[in-house]
Amino acid sequence: MSTDPSASSDPAASSSEAAGGDEAAHTRSIDDFDPYGTLAVTGLYFVLLLVLYALMYFVEFAGRGASIIE
Amino acid sequence: MTFVDTYPKATRIVKATFIVAFVALGLGGLFGFIQALHRTDTFRGIIDSTQYYDLLTGHGVLLALVFTTFFIAGLYQWGISRSLDREPEDLRFSWGWFWTMTVGTILASIAILGGLVPGDGISAAVLFTFYPPLQAHPLFYIGAALLVVGSWGATLDWFFSFWKWREDHPDDHIPLQVHMVLFTMLMWVLASLGIAIEVVALLIPWSLGLITNIDPLLPRTLFWYTGHAIVYFWLLPAYFVWYTILPKLSGGRLFSDSLARIVFVIFLLMSTPIGFHHQYLDPGIGMGYKLWAVVATLLILLPSLMTAFTVVASMEHGARQRGGSGYFAWMGALPWGQPAFAGCALAGIMFAAGGFSGMINASLNIDTLVHNTIWIPGHFHLTVGTAVALTFMAITFWLLPQLTGRKLKFPKMALAQPYSWFIGMVLMSNGMHRAGLAGIPRRTAEPGYSGFSFEAPFGSIMEMKIQIALGGTILFVSLLLFLIVVVGTWWAGAPAETVDDAIPPALSGPEHTPKILDNIKLWLGIAVVLVILAYTLPLADMLADGIFQPGVPPSPM
């Protein structure tokens with residue numbers, strides 16, 4: 001049984017079994033890792049949110065006339 | 001040696017909670033399947049339209065309250081025991097909260113299912129929100145109260161373990177999984193005070209006939225005081241999985257321990273003071289309070305967007321280590337052939353879509369377009385129905401070998417499960433969202449009106465109905481796949497010689513985490529102050545004319 005990751009003071013202590021024992025799993029440290037893929041994915045999501053929100057606001061919401069119930 | 005060998009007592013509790021959770025999942029899922037066929041006029045030979053509401057109540061309660069609460073209890077017991085390296089402190093207490101929750105579930109289920117038996121005088125077709133003056137049998141409210149009280153017992157149990165651990169580790173950071181458990185449960189206890197007061201002080205005496213009339217607005221407000229935060233009570237355990245297990249399943253490591261803790265702290269602070277955004281169209285609540293709810297709700301998007309960054313970065317770390325490259329192509333290097341990973345990742349993708357529809361719901365003006373339409377079930381089937389439920393199912397595939405010492409049975413079926421759930425939910429949720437934009441209402445067995453036809457902004461109403469019915473059917477098949485894999489593994493899985501249960505440490509670990517993020521008293525104190533600021537004045541407004549005024553008589557359902 002491994003110890004909790006955050007309780008461990010040795011970052012490599014329990015990483016050897018990561019990815020099913022893949023030795024590559026603990027070779028890339030935070031200094032070697034530049035998450036530009038994350039920037040691309042989250043940036044795309046952000047743009048998508050803006051476009052969809054604008055569509056909902058201007059077309060679906062503001063684009064419809066007022067609903068008047070008589 | 002895996003969890004079942006090291007912590008046999010905790011394992012029995014986790015297994016017991018999972019059994020109740022999966023029975024509720026199966027029954028609630030069956031009800032949902034029948035509803036999808038009935039509402040869309042695809043097949044109406046199982047129930048009549050009156051019984052639809054009994055099933056709808058059962059679907060909501062068994063899935064959103066029972067499945068979630070019991071699964072969370074098991075998942076968090078697992079996290080507490082493995083992280084603190086402790087069995088439960090007092091098994092009598094642990095079984096006490098389990099049986100309190102279970103008896104509550106049985107009582108509430110009897111009340112709900114009683115509605116399907118003509119002439120027994122028991123029914124509770126009041127839906128998951130049980131708004132007065134709709135009135136259920138007292139067993140329903142008593143059962144709901146016991147479920148909540150049991151969850152408080154679980155909270156106390158985990159704090160007992162934490163305090164005992166703290167005696168031996170006075171200067172250590174709280175282990176990350178334990179931090180997440182404690183902050184989730186503190187948020188839940190603070191938030192569930194609303195529903196507890198509503199049920200115990202108002203609805204139980206009212207259902208017993210001790211009070212005749214009730215003010216509909218006050219219980220609704222107390223319900224939504226809890227009711228939005230309960231969303232995060234479901235979601236934070238999924239985040240627990242995404243932060244602490246998914247990076248490992250991806251072949252990498254959590255990007256940042258600090259970011260994970262900050263997110264849970266913000267949820268403790270911001271989950272509860274925003275319940276009014278469910279009451280944008282309720283009369284009797286000042287617009288100022290609603291505007292505050294808009295601002296606070298948009299603020300609580302922040303920790304979810306932070307989660308998107310951290311979880312995606314952690315997955316990218318895994319993908320890079322597996323040889324992935326490029327801006328987007330790295331995603332192809334992720335282990336999409338492993339059911340636990342695929343389920344969590346697909347759940348995350350669905351949550352991104354649910355985040356968008358949630359922003360629409362949170363916007364005071366645009367919400368009027370979709371409020372009380374089937375858009376809303378479309379939204380929460382993406383969030384609780386997929387982000388949470390699919391994550392729970394997926395991580396079960398990873399946890400079961402640890403809990404049983406057996407290999408996962410039927411691995412191909414297990415792999416088909418998350419993908420079929422994803423496809424089914426894409427169809428059903430797409431149909432629901434677009435039908436909501438056409439104005440089709442939610443919570444009705446008969447969504448049509450005589451002499452009136454809904455007009456689709458694009459596509460056709462018939463095509464949306466087909467998507468809902470087909471999606472619901474695929475989801476039910478997916479649910480059956482899940483249950484077959486679970487039962488097969490539990491009873492007939494081959495003994496596992498080794499179980500992959502290790503979790504690597506974070507890239508930026510607790511040694512970089514400010515101590516203040518572990519200060520439970522500080523953050524709980526601020527959370528209480530925020531609740532007082534948000535709710536004192538509106539509740540005082542409601543109580544000014546008396547607790548039960550303006551009162552209306554009950555409508556037994």
# chains A, B, ... in the order shown; residues from 1 in each chain; ligands from 1

$ interface_residues --of "chain B" --to "chain A" --cutoff "6 Å" --atoms "only C-alpha atoms" --output "PDB file with N, CA and C atoms, in the first residue's frame"
ATOM      1  N   THR B   2      -2.966  -5.197  -0.915  1.00  0.00           N
ATOM      2  CA  THR B   2      -3.673  -4.007  -1.350  1.00  0.00           C
ATOM      3  C   THR B   2      -4.649  -3.586  -0.259  1.00  0.00           C
ATOM      4  N   SER B  83      -4.870   7.231   3.168  1.00  0.00           N
ATOM      5  CA  SER B  83      -3.999   8.399   3.325  1.00  0.00           C
ATOM      6  C   SER B  83      -3.468   8.536   4.739  1.00  0.00           C
ATOM      7  N   PRO B 175      -2.585  15.340   4.532  1.00  0.00           N
ATOM      8  CA  PRO B 175      -2.482  14.655   3.235  1.00  0.00           C
ATOM      9  C   PRO B 175      -3.566  15.168   2.280  1.00  0.00           C
ATOM     10  N   LEU B 176      -3.206  15.271   1.013  1.00  0.00           N
ATOM     11  CA  LEU B 176      -4.097  15.941   0.061  1.00  0.00           C
ATOM     12  C   LEU B 176      -5.498  15.326   0.033  1.00  0.00           C
ATOM     13  N   LYS B 248      -2.538   9.823 -12.330  1.00  0.00           N
ATOM     14  CA  LYS B 248      -1.841   8.531 -12.351  1.00  0.00           C
ATOM     15  C   LYS B 248      -2.374   7.645 -13.485  1.00  0.00           C
ATOM     16  N   GLY B 251      -0.890   8.338 -16.661  1.00  0.00           N
ATOM     17  CA  GLY B 251       0.536   8.043 -16.806  1.00  0.00           C
ATOM     18  C   GLY B 251       1.406   9.179 -16.304  1.00  0.00           C
ATOM     19  N   GLY B 252       0.803  10.124 -15.563  1.00  0.00           N
ATOM     20  CA  GLY B 252       1.576  11.278 -15.098  1.00  0.00           C
ATOM     21  C   GLY B 252       1.372  11.538 -13.625  1.00  0.00           C
ATOM     22  N   VAL B 312      -6.258  19.098 -16.734  1.00  0.00           N
ATOM     23  CA  VAL B 312      -5.776  18.930 -18.113  1.00  0.00           C
ATOM     24  C   VAL B 312      -4.244  18.933 -18.127  1.00  0.00           C
ATOM     25  N   ALA B 313      -3.637  19.810 -17.321  1.00  0.00           N
ATOM     26  CA  ALA B 313      -2.163  19.846 -17.286  1.00  0.00           C
ATOM     27  C   ALA B 313      -1.603  18.527 -16.742  1.00  0.00           C
ATOM     28  N   GLN B 321       4.708  12.021 -21.148  1.00  0.00           N
ATOM     29  CA  GLN B 321       5.569  10.903 -20.716  1.00  0.00           C
ATOM     30  C   GLN B 321       5.295   9.635 -21.511  1.00  0.00           C
ATOM     31  N   TYR B 327       0.220  20.454 -29.972  1.00  0.00           N
ATOM     32  CA  TYR B 327      -0.708  21.252 -29.166  1.00  0.00           C
ATOM     33  C   TYR B 327      -1.947  20.444 -28.775  1.00  0.00           C
ATOM     34  N   ALA B 502      -0.992   2.236  -6.506  1.00  0.00           N
ATOM     35  CA  ALA B 502      -0.089   3.320  -6.098  1.00  0.00           C
ATOM     36  C   ALA B 502      -0.463   4.628  -6.777  1.00  0.00           C
ATOM     37  N   PRO B 504       1.302   8.347  -7.578  1.00  0.00           N
ATOM     38  CA  PRO B 504       2.559   9.103  -7.484  1.00  0.00           C
ATOM     39  C   PRO B 504       2.335  10.477  -6.862  1.00  0.00           C
ATOM     40  N   PRO B 505       3.376  11.082  -6.333  1.00  0.00           N
ATOM     41  CA  PRO B 505       3.224  12.403  -5.714  1.00  0.00           C
ATOM     42  C   PRO B 505       3.047  13.495  -6.762  1.00  0.00           C
ATOM     43  N   LEU B 507       3.650  16.904  -8.939  1.00  0.00           N
ATOM     44  CA  LEU B 507       4.853  17.537  -9.503  1.00  0.00           C
ATOM     45  C   LEU B 507       5.312  18.679  -8.602  1.00  0.00           C
ATOM     46  N   PRO B 510       3.376  19.166  -1.608  1.00  0.00           N
ATOM     47  CA  PRO B 510       2.967  19.938  -0.430  1.00  0.00           C
ATOM     48  C   PRO B 510       4.100  20.779   0.145  1.00  0.00           C
TER      49      PRO B 510
END

$ residues_around --residues "range 200-205 of chain B" --least-positions-apart "6" --cutoff "10 Å" --atoms "only C-alpha atoms" --output "list in words"
Phe130, Tyr131, Pro132, Pro133, Gln135, Ala136, His137, Pro138, Leu139, Phe140, Tyr141, Ile142, Ala144, Ala145, Ile211, Thr212, Ile214, Asp215, Leu218, Pro219, Ile547 and Phe548 of chain B

$ write_last_selection --atoms "C-alpha atoms" --output "tab-separated table (two decimals), in the first residue's frame"
chain	number	residue	atom	x	y	z
B	130	PHE	CA	-40.18	18.26	-2.35
B	131	TYR	CA	-41.51	21.81	-2.62
B	132	PRO	CA	-44.46	22.49	-0.30
B	133	PRO	CA	-47.40	22.60	-0.58
B	135	GLN	CA	-46.91	16.93	0.65
B	136	ALA	CA	-45.34	13.48	1.03
B	137	HIS	CA	-45.95	10.77	3.61
B	138	PRO	CA	-43.99	11.52	6.83
B	139	LEU	CA	-41.75	8.49	6.18
B	140	PHE	CA	-40.25	10.34	3.22
B	141	TYR	CA	-39.13	13.31	5.29
B	142	ILE	CA	-37.99	11.18	8.22
B	144	ALA	CA	-34.39	12.07	4.19
B	145	ALA	CA	-33.48	13.48	7.61
B	211	ILE	CA	-49.26	22.22	11.39
B	212	THR	CA	-51.95	22.84	8.79
B	214	ILE	CA	-47.21	26.30	5.36
B	215	ASP	CA	-45.47	29.22	3.67
B	218	LEU	CA	-39.47	29.61	3.32
B	219	PRO	CA	-38.98	25.84	2.78
B	547	ILE	CA	-42.96	31.35	10.13
B	548	PHE	CA	-46.06	29.84	8.54

$ residues_around --residues "Ile520 in chain B" --least-positions-apart "4" --cutoff "10 Å" --atoms "only C-alpha atoms" --output "compact mmCIF listing (two decimals) with N, CA and C atoms, in the first residue's frame"
# COMPACT_ATOMS: atom_id res chain seq x y z
N HIS B 179 -7.34 16.36 3.09
CA HIS B 179 -7.73 17.77 2.98
C HIS B 179 -9.02 17.87 2.17
N LEU B 182 -12.05 16.46 4.19
CA LEU B 182 -12.47 17.30 5.30
C LEU B 182 -13.15 18.58 4.80
N PHE B 183 -12.59 19.20 3.76
CA PHE B 183 -13.19 20.44 3.26
C PHE B 183 -14.53 20.17 2.58
N LEU B 186 -16.99 19.55 5.55
CA LEU B 186 -17.33 20.78 6.28
C LEU B 186 -18.31 21.61 5.47
N VAL B 265 -10.72 24.95 -0.87
CA VAL B 265 -10.99 26.04 0.07
C VAL B 265 -12.06 26.98 -0.51
N ILE B 516 -1.31 27.99 5.32
CA ILE B 516 -2.62 28.58 5.60
C ILE B 516 -3.75 27.81 4.90
N LEU B 524 -13.34 27.74 7.72
CA LEU B 524 -14.71 27.47 8.15
C LEU B 524 -15.35 28.73 8.73
N GLY B 525 -14.55 29.49 9.49
CA GLY B 525 -15.06 30.74 10.06
C GLY B 525 -15.50 31.72 8.98

$ residues_around --residues "Trp99 in chain B" --least-positions-apart "5" --cutoff "9 Å" --atoms "only C-alpha atoms" --output "number ranges by chain"
B: 94, 104, 150

$ closest_residue --among "B:Phe233, B:Trp491, B:Phe341, B:Phe43" --to "Gly318 in chain B" --atoms "only C-alpha atoms"
B:Phe341

$ residues_around --residues "Ser123 in chain B" --least-positions-apart "6" --cutoff "6 Å" --atoms "only C-alpha atoms" --output "ChimeraX atom specification"
/B:111-112,114-115,137

$ atom_distance --atom1 "CA of Asp41 in chain B" --atom2 "CA of Asn372 in chain B"
20.4 Å
